[in-house]
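Participant: Below you'll find the structure I mean.
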Amino acid sequence: MKRLAIPLVLLLLLPIASAETFDPREMSYMEAGYKEYGTLVANNNGEQTQYLKLSLLSFPRASDFMEVSNIQTSPALKLTEKDSVKSYTYQWDKVDSGNYDFELSAQIKNQQNFPKVYKRVGFPFDVPADIAVYTKPTKKTESEDISIKKTANDIILGETDAYEVAFRLADWVHNNVIYDIKYWNDTYSAVSVLETKRGVCDEFSNLFIALARSVGIPARYVVGSAYTNTQDINDFQYHAWAEVWLPDYGWIPIDPTFGEYGWTDPTHIVSAISPAVETMSISYNWKGGTVTASDLKTKIQIAKKDFSLPNHVNSKMWLEDEKVKPDSYDVVWAELSNPTDFYIHTDAWLAKSTEIIGENSQAVLLAPGEKKTVGWVIKLPKDLEKNYIYTYTLESDSIFSQSSSVKLEVDPRSSNYIGLATAKNLVSELKAGGSVGQSRLSVSVEYPRTLYSGNLGNIVLKIENSGTAPKESFEACFMGQCKTVYVGINSIANINFTVLENSLGAHEYEVTYVGQSQNIQINIQAKTFWIKLQEFLAKLFGK
């Protein structure tokens, strides 16, 4: 019997008949027809293929936000579940050489996935045993790697709000990783993405998950389809994003590729969720001959869409100086306020402006009732007629908010001038600040109370950091030997020493660390005849 599986990264999406351009982040509701299909190719090679079994692991998943109805399959696939993994399965018996097509179709009704978080979740927090698997490293999500840990620690330094921690990590990935279609054909490890700063949605999501897990926040991998207007695609494609787990609220969606933190737009159609990034879309096994498979293809046709997003955010604009001379710089300010009783992530940008210096789009996370101010540096034209006063209407926009505007006068007779350095400093001062945090360490020493003469004993220091800053270099010493270790935020690090003693009796040793010391006592005993015999046999037979 032979078995093969196809990763979901190979799930290719066919163009729909009438591709169109719109911003999915402004959509509130969508209805669509969904179809995925593929072909298995059997070749008997002169021997009878006794059976061919298909397991379709990728299909739209219903949730509190997405309704899936009218599921039809061809052939008649059966929904099964094994080890908590659901799949649609079918078996062909006495298979002849040729093509074996399969298809699943459904109707989708999807609204914005926006689980409401009403209260602040303190960070760090305790993770239940059944969720702990989502904090562990995997082969390609190396959350224990020191470069991942240090990067995450630098990003969230001093933060005590778990939602803010997830937001900062996701927005850092969004702003620092370049979307590069050259990375489409494979899924790269989180460490390599951190090094190259390049990838597609798999890499964006994988790096975010690794960063989140490295500081103890559970995160998992979500795959499916989503509409994108990046790279002038304007169509549905395979897509990957993430979810983080918060106490009392459960799983919260985070899409670091599209910049949707705490919510996802209705074009996100979930087809699988996994702790690891290499999720399978189909698997198949057979007996006799050979079998190959085409890529799993998906076609999505929008039937209805709605763009009536609620106005969760209030905004107002003003200028650093309302009248300046030509060739001056200015700062456009916008205050964003959250009148609701739940957290909101929004993006703010200048929809109408003169030349913008730096990035236009700015991500903002607002706690219930919170206000935050963002600023943009703009450049005013230089060559203007001296006999005229020029009036510019500047407009800002943001997700979940009405647009706002302000008027700017550029007067050649004005003496008001703002230099580039001054304007940048004004915006930088706004972004500066925040707590530097502090580490909070607890240390335990594990050691053998009894040790046989001539045997090595392990002394283990367990250093746990429950604070909001890393301990860059924790030093411990034992019997004249000193070692250092990096202890990240919300993590545990170990320092190991060994002791070898031949003289019998009780022996006292001192372990010192960060200005403290702990005395330990180990009783050294003589080896009995049976112990010596066991050691001799183990050495003789290499055990």
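The way I read the labels, and the way they are meant: chains A, B, ... in the order of the structure tokens, residue 1 as the first residue of every chain, and ligand 1 as the first ligand shown, with later ones counted on from there.
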At a cut-off of 6 Å, using only C-alpha atoms, what residues contact Asp347 in chain A? Leave out same-chain residues fewer than 5 positions from it and give the result as a count of residues only.
Facilitator: 4
Participant: List the neighbours of Leu40 in chain A out to 7 Å using only C-alpha atoms; skip same-chain residues closer than 6 positions along the sequence, and give me the result as an MDAnalysis selection string.
Facilitator: chainID A and resid 99:101 291:294
Participant: At what distance in Å, to one decimal, does CA of Leu157 in chain A lie from CA of Ile357 in chain A?
Facilitator: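 Atom-to-atom, CA of Ile357 in chain A to CA of Leu157 in chain A, that is 27.6 Å.
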Participant: Pick from A:Val270, A:Ala334, A:Ala367, A:Ala42: nearest to Asp161 in chain A, with only C-alpha atoms counted?
Facilitator: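 So, comparing all the options, the nearest one is A:Ala367.
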Participant: For Asp93 in chain A, which of A:Lys78, A:Lys287, A:Lys471, A:His239 is the closest residue, counting only C-alpha atoms?
Facilitator: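 Looking at the shortest contact to Asp93 in chain A, the residue is A:Lys287.
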Participant: At what distance in Å, to one decimal, does CA of Lys149 in chain A lie from CA of Glu446 in chain A?
Facilitator: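 These two atoms are separated by 24.9 Å.
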Participant: Write out as a VMD selection string the set of residues from range 133-173 of chain A that DSSP, computed on the backbone, places in alpha helix (DSSP H).
Facilitator: chain A and resid 146 to 156 162 to 173
